[in-house]
Every structure is written in C-alpha cells, then in structure tokens.
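Peer 1: Provided herewith is a single structure, encoded as structure tokens, for subsequent inquiry.
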Amino acid sequence: MSTLVIAEHDNGSLKGATLNAVTAAQALGADVDVLVAGADCGAAAEAAAKVAGVSRVLVADNAAYGHQLAENVSLLIADVGAAYDNIVAPATSNGKNTMPRVAALLDVAQISDIISVEAADTFKRPVYAGNVIATVKSSDSKKVVTVRTTAFDAAAAEGGSATVEAVDAVHDAGISAFVSEEVAESDRPELTAAPVVVSGGRGMQNGENFKLLDGIADKLGAAIGASRAAVDAGFVPNDMQVGQTGKIVAPDLYIAVGISGAIQHLAGMKDSKVIVAINKDEDAPIFQVADYGLVADLFEALPELEAKI
Amino acid sequence: MKVLVAVKRVVDYNVKVRAKADGSDVDLNNVKMSINPFCEIAVEEAVRLKEAGTATEVIAVSIGDKACQEQIRTALALGADRGIQVETEGSVEPLVVAKLLKGVVEKEQPQLVILGKQSIDGDNNQTGQMLGALTNMPQGTFASEIAVDGDKLSVTREVDGGLQTLSLNMPAIVTSDLRLNEPRYASLPNIMKAKKKPLDVYSPADLGVEVTTHLTQVSVEPPAERQAGIKVESVDELVDKLKNEAKVI
Ligand SMILES: Cc1cc2nc3c(=O)[nH]c(=O)nc-3n(C[C@H](O)[C@H](O)[C@H](O)COP(=O)(O)OP(=O)(O)OC[C@H]3O[C@@H](n4cnc5c(N)ncnc54)[C@H](O)[C@@H]3O)c2cc1C
Ligand SMILES: Nc1ncnc2c1ncn2[C@@H]1O[C@H](COP(=O)(O)O)[C@@H](O)[C@H]1O
C-alpha cells in the first residue's frame, strides 16, 4: 500500500495545507510520498523532503505545471498516481480544481473534503452545509481524496529526510493558458491557518469600515474574514469569504462582527474553538453558536474592544 | 454557438437538513426542493450570452428522476430554449453524472458547457472538472467573469489567493461561482411559456452509459453540537472572559 500526497506550494515554498494533507494520508496506514508539480519548484520540493513521515518526494519541474493548470497537472497526477493506492490533496482551490479531473481520468470516484479516516476505504465528510456528517465507503481500488485541512493537525515541517526524485514526464494538454492573476497582498496570517480570525459582515456597511477590524486583528495576530454579503457588496475581495462555498476556518478564536449567522456562513466557522459574536440584533442566529455574545452596535463596540485588548 | 447548462434539483438553501434519528439517511420528507443556486447562476450566464448575440441556443440538462423536470422548467422560464432530462432512479454519483453529461455533449456538440461549482446538498464540487477530463475539454472553475473571444474563452476564477484569469480553447467548461452574475426572477408569462418549450427524455442506455456505484453511504450523523454560550453585558466583560475564562487572548 502506498499513498501519494499532492503538494500545495507556490514553487518557492511549501504551503501549510500540505502538512495537514500528510497527516490525513498517514491515517490511511501506508507509506506517504509527496508529488511537487510546478516550475522552478526545487525549493518547495526540498521543503517537502523535510516533512516528518514522508518517504519520497517526486518533483515534476516543468513550465507546463507552472500555474497549476488543471488540464496539465491532472494528466501528470493520473500518470504518476497509477502506481499508488491513494491520492490525497488538500481541499484548496487547486485541490478542488484538479482532483476530480484526476479521479475521472482513473475512472474512480473522488471523495471531497474528508474530516476523518475511519478505515482505509471509509471516510467522514460534511454534507448539506455541514448540517450532516456522512460516513462513506469507497469500493474503488484507488481512493482519490481531498482533505479539509482544519480537521487534521499539521505534520511536523522539519525532521524528515525523504529522498527527492525527478519525474521527467511532461504532460501539456495545450488547451488552456494562464493569463494573469490578482493576488491579495497581506502581512496577516493566512485565513485558513490563523489562530484568530476576525470577520465582518453586511453590518460593516462598507469597505472603509473594515479598517475598524484592523487594529483588533493587529493586536491579536489575526486574519480578517468576511461573510458572502460583505464580499458580494464589494466591501472586501472574494478570497476573504468564509463559509460553505468559501473558506473553511477553525481558529482558536473567531470573532463575527455584523454577521447574522446564516447556515452557509456557520458551515465555514462553527468548528472554531471559541466564537464571539458582536451584533446589534439580540435574536441574530449567530448567537446560537457563539460562546460569548455581545449585543451592541459594532461602531461603538469595536473601538472600545481595540482599546481594551 | 450552442451552450449547454447542467441544472440539479436540490434541497432549497433555506432548509436546515437533519440526519434521521437512526442515522440511516438525511430526513428529506416534505422539504422544499429548488434548482441548485449555482446552477441558477449558470443558467443566467448562458441566457445573457444569448441575449448578447454570442450564443444561439441554450439547452438545460438535468439528471435524475421525473421530479427534476421541474428544475428544467425553471431553467426554461429563465430563458433556456429547450430541456433534456436523463432519467435515473434517484440520484447518481458525480462521476456518473459527468459520464451522462458527456453523452449529451456528444449528441449536442455545444461550444460551452456551464455548470454550478458545487451542489449544495452533497457539497461535492466535482462534476464540471470530471466532465472536463472525460471530454478532454479545458475548464474554468469557480468563475466570476467569462468572455468569449473568437475561439477562445477568457475566464476569471475565484481562487484561494484572489483572482486568476485563464484563456481556454473552445469548446470549454465553466463552473459558476457566486459573483458570476445575479440571476433574474422568472416572470409569470415566461413561466407559462416555459411549459410549452421542448423537453426530451433520454435513458442512460440511450447515451451508452452504465450507471455504476463507487461509494456507499454507511451512515449519517449530526455534527458535534456546540455548548450553549452566554451573552456578555459589556466589552469589559467580553475581554475579561476571553482572557481569564477562555484564555484565548
Ligand atoms: C449557494 C449559497 C452559498 C452561500 N455561501 C456562503 C458562504 O460561503 N459564506 C457566507 O457567509 N454566506 C454564504 N451565503 C449567504 C448566506 O446565506 C447569507 O446571505 C450571508 O451569510 C449573510 O451575510 P451577513 O450575515 O453579513 O449579512 P446579513 O444576514 O444581512 O446580516 C447582517 C447582520 O449585521 C447586523 N448589524 C447591522 N448593523 C449592525 C451594527 N451597526 N452593529 C452590529 N450589528 C449590526 C445585523 O443585525 C445582521 O444580523 C450563501 C448563500 C447561498 C445561497
Ligand atoms: N444530477 C445532476 N443533473 C444535472 N447537473 C448536475 C447534476 N449533478 C451535478 N450537476 C452539475 O454539476 C454541478 C456541480 O455539482 P457537484 O459536483 O455535485 O457539486 C452542479 O451545480 C450542476 O451544474
């Protein structure tokens, strides 16, 4: 038995999500190899080789994989993955984009967003916006899985000494091309891995007012998130959306400000350890999941909170 | 240019679905069913392409039992020209949906297939990508903007880091994200007109597809319940609780 983990990286460094996927892969009980597909991705491969518990790192370094185009990378993974029993990737936008394509190429199901490994063929995963946890069993000979990173601890980034081997196969489908990207620059921790998340909703009223969250986030070392309503209204960019169809977070502390608590939002944050809600409507559903609820006008509460923490 | 749109019948997004007490399945008795919200966005985008003169025909396809004809009619009321139902007993897995859609693609030869990014019942986020692999078409998933430019499709995608723009050869596959558009409401006259639009029914065998099962649901359970919390009276009390009780700051 053997398991191939697909690394999440930006060529120069390995992303934390890979470490959670490695832990999930180890739960399958087989040797764990990591595939790093990218362009000039040697540094990411070296980082992967240091991850505790990894046996081999396979590096496919080619321009065709530079922007993680699903058409190309899925062909590579299906090719390299043919020798493995399990193929595991974090449920990042890359993982979600590529892995179903891999599964279809291999004519097997893909199991999305697992939160636990019950047995080598049995997994738990949330469905219906996290209102139900389903246990599913696969009858495929090969398991293609994406992992909800917040449900698995990160493997140690140091301490391993995997061998690094080059994969020469080049798969360029030639049907898609990267044009450009707009990457949000931020000095704050990554939303999905931050120990504290402060999120704003429609109650923030506009993008300018999100600055009221900055000082608090600075003091707490927090990432800033948002509800769909705040993103749709253009207050903040899409990569800040927390929820069923946005990012899943589970920090030690989640502070929801001016967010009503729709099930689609709760799906993305209700596994947080401690939840604080600040909302002027005492009947807002967010208070049903909040450990500490403060019924207040956010425009008064936020400056005071910033001053007192 | 023909555009094919895949629409799925799902539990309405306002319904809080629960597991049955015996854990055998979810309780879907008498719950409201609707078109998957992401599919509604997909239909809207296709109809806008037609209104802009880019698309000539919009075909809505759904896979499921007879009840899913209701969602095809919804798509027709929103402006799709005709419908196709692939009749299956109950719901089938994304891989099988993708195989059946491939069969429809081979029959209809669309230049563009638009799906939702995710069905809000199974939260799979798979079908469009699988269809891409099976048809060897490129994909623009989680799309917030698309533009047809000759035989290329420009797609802006919502990704973890922000936005990414790709150029895809056509025929291509797009899966819609929330910001692609804001769907219209169907007017009463259009709902009436939709009843008369053509709707063909195929069986999986008509499309040469065998319905297979790869996954079985062993059981379902409610998620871990959160302990009921408290309301604090002031910011001071909140800060005190976070420092001294929860010890998170
Ligand atoms: C297919 C689909 C997918 C979705 N996916 C997501 C998702 O991933 N993430 C997500 O968040 N949503 C998602 N939604 C949307 C979700 O249903 C809600 O519409 C959304 O979460 C509401 O955002 P909100 O709480 O900011 O806005 P509202 O529901 O409008 O709530 C605003 C809150 O702010 C409070 N408020 C206003 N002013 C003040 C003030 N001065 N001080 C204090 N409080 C104030 C109000 O009392 C209210 O409770 C999805 C919906 C659909 C249909
Ligand atoms: N039974 C179905 N009939 C038609 N389209 C479907 C069906 N299942 C999934 N789809 C399409 O695939 C998208 C993604 O679904 P999923 O992969 O299940 O999350 C949906 O938004 C639909 O566009």
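Starting from 1 in every chain, residues are counted up; chains themselves are A, B, ... following the order of the structure tokens, and ligands are numbered from 1 as listed.
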Can you work out which residues are within 8 Å of ligand 2, considering only C-alpha atoms and all ligand atoms, and then hand them over as a ChimeraX atom specification?
Peer 2: /B:5-9,36-39,42,61-64,91-94,97-98,101,114-128,175-176
Peer 1: Only N, CA, C and O atoms, please: the residues just picked out, written as a compact mmCIF listing (two decimals), in the first residue's frame.
Peer 2:
# COMPACT_ATOMS: atom_id res chain seq x y z
N VAL B 5 -26.29 23.86 -20.32
CA VAL B 5 -26.22 24.19 -18.89
C VAL B 5 -26.74 23.01 -18.08
O VAL B 5 -27.81 22.47 -18.38
N ALA B 6 -26.00 22.61 -17.06
CA ALA B 6 -26.42 21.48 -16.22
C ALA B 6 -27.10 22.02 -14.97
O ALA B 6 -26.52 22.85 -14.26
N VAL B 7 -28.31 21.58 -14.73
CA VAL B 7 -29.04 22.05 -13.53
C VAL B 7 -29.43 20.87 -12.66
O VAL B 7 -29.87 19.82 -13.13
N LYS B 8 -29.26 21.05 -11.37
CA LYS B 8 -29.55 19.97 -10.44
C LYS B 8 -30.68 20.36 -9.49
O LYS B 8 -30.76 21.50 -9.04
N ARG B 9 -31.52 19.39 -9.20
CA ARG B 9 -32.58 19.56 -8.21
C ARG B 9 -32.00 19.25 -6.83
O ARG B 9 -31.46 18.15 -6.61
N ASN B 36 -30.43 24.12 -7.79
CA ASN B 36 -29.21 24.44 -7.06
C ASN B 36 -28.81 25.89 -7.35
O ASN B 36 -28.76 26.28 -8.52
N PRO B 37 -28.56 26.72 -6.32
CA PRO B 37 -28.29 28.15 -6.57
C PRO B 37 -27.17 28.39 -7.59
O PRO B 37 -27.25 29.31 -8.40
N PHE B 38 -26.13 27.57 -7.56
CA PHE B 38 -25.04 27.78 -8.52
C PHE B 38 -25.49 27.46 -9.95
O PHE B 38 -24.96 28.03 -10.92
N CYS B 39 -26.46 26.55 -10.09
CA CYS B 39 -26.98 26.22 -11.43
C CYS B 39 -27.84 27.37 -11.96
O CYS B 39 -27.87 27.63 -13.16
N ALA B 42 -25.57 29.64 -13.40
CA ALA B 42 -25.09 29.09 -14.68
C ALA B 42 -26.09 29.37 -15.80
O ALA B 42 -25.73 29.78 -16.90
N VAL B 61 -29.95 20.81 -19.10
CA VAL B 61 -29.99 19.36 -18.89
C VAL B 61 -29.96 19.04 -17.40
O VAL B 61 -29.25 19.68 -16.63
N SER B 62 -30.81 18.09 -17.01
CA SER B 62 -30.77 17.63 -15.63
C SER B 62 -30.83 16.12 -15.60
O SER B 62 -31.45 15.49 -16.45
N ILE B 63 -30.18 15.57 -14.60
CA ILE B 63 -30.12 14.12 -14.45
C ILE B 63 -30.79 13.74 -13.15
O ILE B 63 -30.43 14.25 -12.09
N GLY B 64 -31.78 12.88 -13.24
CA GLY B 64 -32.50 12.48 -12.04
C GLY B 64 -33.83 11.86 -12.40
O GLY B 64 -34.10 11.56 -13.57
N SER B 91 -30.68 9.72 -7.17
CA SER B 91 -29.51 10.49 -7.54
C SER B 91 -28.35 9.56 -7.86
O SER B 91 -28.27 8.45 -7.36
N VAL B 92 -27.47 10.04 -8.72
CA VAL B 92 -26.30 9.25 -9.10
C VAL B 92 -25.04 10.04 -8.74
O VAL B 92 -25.08 11.25 -8.52
N GLU B 93 -23.91 9.35 -8.70
CA GLU B 93 -22.66 9.97 -8.25
C GLU B 93 -22.12 10.93 -9.31
O GLU B 93 -22.38 10.76 -10.49
N PRO B 94 -21.32 11.92 -8.86
CA PRO B 94 -20.75 12.89 -9.79
C PRO B 94 -20.07 12.25 -11.01
O PRO B 94 -20.22 12.75 -12.14
N VAL B 97 -22.81 11.27 -13.30
CA VAL B 97 -23.40 12.49 -13.88
C VAL B 97 -22.49 13.00 -15.00
O VAL B 97 -22.96 13.32 -16.10
N ALA B 98 -21.19 13.02 -14.73
CA ALA B 98 -20.24 13.52 -15.74
C ALA B 98 -20.26 12.64 -16.98
O ALA B 98 -20.20 13.14 -18.11
N LEU B 101 -23.43 13.47 -18.84
CA LEU B 101 -23.30 14.78 -19.49
C LEU B 101 -22.40 14.68 -20.72
O LEU B 101 -22.64 15.32 -21.74
N ILE B 114 -21.85 25.09 -19.15
CA ILE B 114 -21.76 25.80 -17.87
C ILE B 114 -22.46 24.96 -16.80
O ILE B 114 -23.60 24.51 -16.98
N LEU B 115 -21.75 24.74 -15.71
CA LEU B 115 -22.30 24.01 -14.56
C LEU B 115 -22.15 24.91 -13.33
O LEU B 115 -21.45 25.92 -13.37
N GLY B 116 -22.78 24.48 -12.23
CA GLY B 116 -22.51 25.15 -10.97
C GLY B 116 -21.19 24.67 -10.43
O GLY B 116 -20.71 23.60 -10.79
N LYS B 117 -20.57 25.45 -9.53
CA LYS B 117 -19.29 24.96 -8.99
C LYS B 117 -19.52 23.84 -7.98
O LYS B 117 -18.66 23.01 -7.76
N GLN B 118 -20.71 23.81 -7.40
CA GLN B 118 -20.91 22.90 -6.27
C GLN B 118 -22.40 22.70 -6.09
O GLN B 118 -23.18 23.64 -6.19
N SER B 119 -22.81 21.46 -5.82
CA SER B 119 -24.22 21.29 -5.44
C SER B 119 -24.30 21.42 -3.93
O SER B 119 -23.45 20.90 -3.20
N ILE B 120 -25.31 22.14 -3.45
CA ILE B 120 -25.34 22.48 -2.03
C ILE B 120 -25.90 21.35 -1.17
O ILE B 120 -25.99 21.49 0.04
N ASP B 121 -26.25 20.22 -1.78
CA ASP B 121 -26.64 19.06 -0.96
C ASP B 121 -25.40 18.21 -0.63
O ASP B 121 -25.00 18.08 0.51
N GLY B 122 -24.78 17.67 -1.68
CA GLY B 122 -23.60 16.82 -1.44
C GLY B 122 -22.31 17.61 -1.26
O GLY B 122 -21.30 17.05 -0.83
N ASP B 123 -22.32 18.91 -1.57
CA ASP B 123 -21.10 19.74 -1.47
C ASP B 123 -19.89 19.05 -2.12
O ASP B 123 -18.80 19.05 -1.56
N ASN B 124 -20.12 18.48 -3.32
CA ASN B 124 -19.04 17.72 -3.96
C ASN B 124 -18.00 18.58 -4.66
O ASN B 124 -16.81 18.38 -4.51
N ASN B 125 -18.49 19.51 -5.49
CA ASN B 125 -17.57 20.33 -6.28
C ASN B 125 -16.70 19.46 -7.18
O ASN B 125 -15.47 19.50 -7.11
N GLN B 126 -17.33 18.65 -8.02
CA GLN B 126 -16.58 17.69 -8.84
C GLN B 126 -17.03 17.59 -10.30
O GLN B 126 -16.21 17.35 -11.18
N THR B 127 -18.33 17.73 -10.53
CA THR B 127 -18.88 17.27 -11.81
C THR B 127 -18.28 17.97 -13.03
O THR B 127 -17.93 17.32 -14.02
N GLY B 128 -18.14 19.30 -12.96
CA GLY B 128 -17.59 20.04 -14.11
C GLY B 128 -16.18 19.59 -14.45
O GLY B 128 -15.83 19.38 -15.62
N THR B 175 -17.47 26.44 -14.52
CA THR B 175 -18.34 26.26 -13.35
C THR B 175 -18.49 27.60 -12.65
O THR B 175 -17.51 28.33 -12.47
N SER B 176 -19.73 27.91 -12.30
CA SER B 176 -20.05 29.26 -11.83
C SER B 176 -19.77 29.42 -10.35
O SER B 176 -20.05 28.54 -9.54
Peer 1: Excluding B:Leu242 and residues on its chain fewer than 4 positions from it, collect all residues at most 12 Å away from it, counting only C-alpha atoms, and give them as number ranges by chain.
Peer 2: A: 220, 252-255, 273-276, 291-293, 305, 308-309; B: 232, 235-238, 246-249
Peer 1: Taking only C-alpha atoms into account and nothing else, which residues of chain A lie no more than 7 Å away from chain B? Please answer as an MDAnalysis selection string.
Peer 2: chainID A and resid 71 92:93 96:97 100:101 104:105 109 112 127:129 131:140 175:184 232 238:239 252:253 288:294 301 304:305 309
Peer 1: As a quick test: using only C-alpha atoms and all ligand atoms, which residues lie no more than 7 Å away from ligand 1? Give them as a ChimeraX atom specification.
Peer 2: /A:200-204,226-230,241-246,257-265,268,278-281,284,296-299 /B:13,37-38,120
Peer 1: Can you tell me which residues surround B:Lys107 at a distance of at most 12 Å, considering only C-alpha atoms, apart from same-chain residues fewer than 6 positions away, and format the answer as a list in words?
Peer 2: Lys2, Leu4, Ile59, Ile84, Leu100, Leu101, Tyr202, Asp206, Leu207 and Gly208 of chain B
Peer 1: Just the selected residues (C-alpha atoms), exported as an mmCIF file, in the first residue's frame, please.
Peer 2:
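As a result, again_35.cif now contains:
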data_model
loop_
_atom_site.group_PDB
_atom_site.id
_atom_site.type_symbol
_atom_site.label_atom_id
_atom_site.label_comp_id
_atom_site.auth_asym_id
_atom_site.auth_seq_id
_atom_site.Cartn_x
_atom_site.Cartn_y
_atom_site.Cartn_z
ATOM 1 C CA LYS B 2 -24.727 26.282 -28.511
ATOM 2 C CA LEU B 4 -25.344 23.509 -22.531
ATOM 3 C CA ILE B 59 -30.069 23.824 -23.593
ATOM 4 C CA ILE B 84 -33.084 17.418 -21.685
ATOM 5 C CA LEU B 100 -24.073 11.114 -18.784
ATOM 6 C CA LEU B 101 -23.300 14.781 -19.489
ATOM 7 C CA TYR B 202 -33.145 10.018 -22.518
ATOM 8 C CA ASP B 206 -29.572 5.891 -24.894
ATOM 9 C CA LEU B 207 -26.287 7.637 -24.114
ATOM 10 C CA GLY B 208 -24.338 4.385 -23.834
#
Peer 1: Could you give me, as an MDAnalysis selection string, the residues within 12 Å of A:Gly16, counting only C-alpha atoms and dropping anything in the same chain fewer than 4 positions from it?
Peer 2: chainID A and resid 7:10 20:23 44 47:48 51 90 92 149:150 152:157 189:194
Peer 1: Could you jot down the atom CA of B:Gly79 to atom CA of B:Asn190 separation for me, Å, one decimal place?
Peer 2: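 Taking atom CA of B:Gly79 as the start and atom CA of B:Asn190 as the end point, the length is 7.8 Å.
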Peer 1: Could you pull out the strand (DSSP E or B) residues of stretch 238-308 of chain A, going by DSSP on the backbone, and write them as a ChimeraX atom specification?
Peer 2: /A:241-242,247,253-257,274-279,292-295
Peer 1: Can you tell me which residues surround A:Lys50 at a distance of at most 9 Å, considering only C-alpha atoms, apart from same-chain residues fewer than 5 positions away, and format the answer as a PyMOL selection string?
Peer 2: chain A and resi 45+156-162
Peer 1: Would you list the contacts of stretch 34-37 of chain A as an NGL selection string, taking every protein, DNA or RNA residue within 9 Å and counting only C-alpha atoms, but skipping same-chain residues closer than 3 positions in sequence?
Peer 2: :A and (3-9 or 11 or 22 or 41-42 or 44-45 or 48-49 or 54-62 or 65-66 or 68 or 73 or 76-77 or 80)
Peer 1: Please, which residues of chain B, numbered as in this document, come out alpha helix (DSSP H) from DSSP, as a ChimeraX atom specification?
Peer 2: /B:37-51,69-78,94-108,127-135,188-194,235-240
Peer 1: Any idea what the distance is between atom CA of B:Val3 and atom CA of B:Ile191?
Peer 2: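 It comes out at 20.8 Å.
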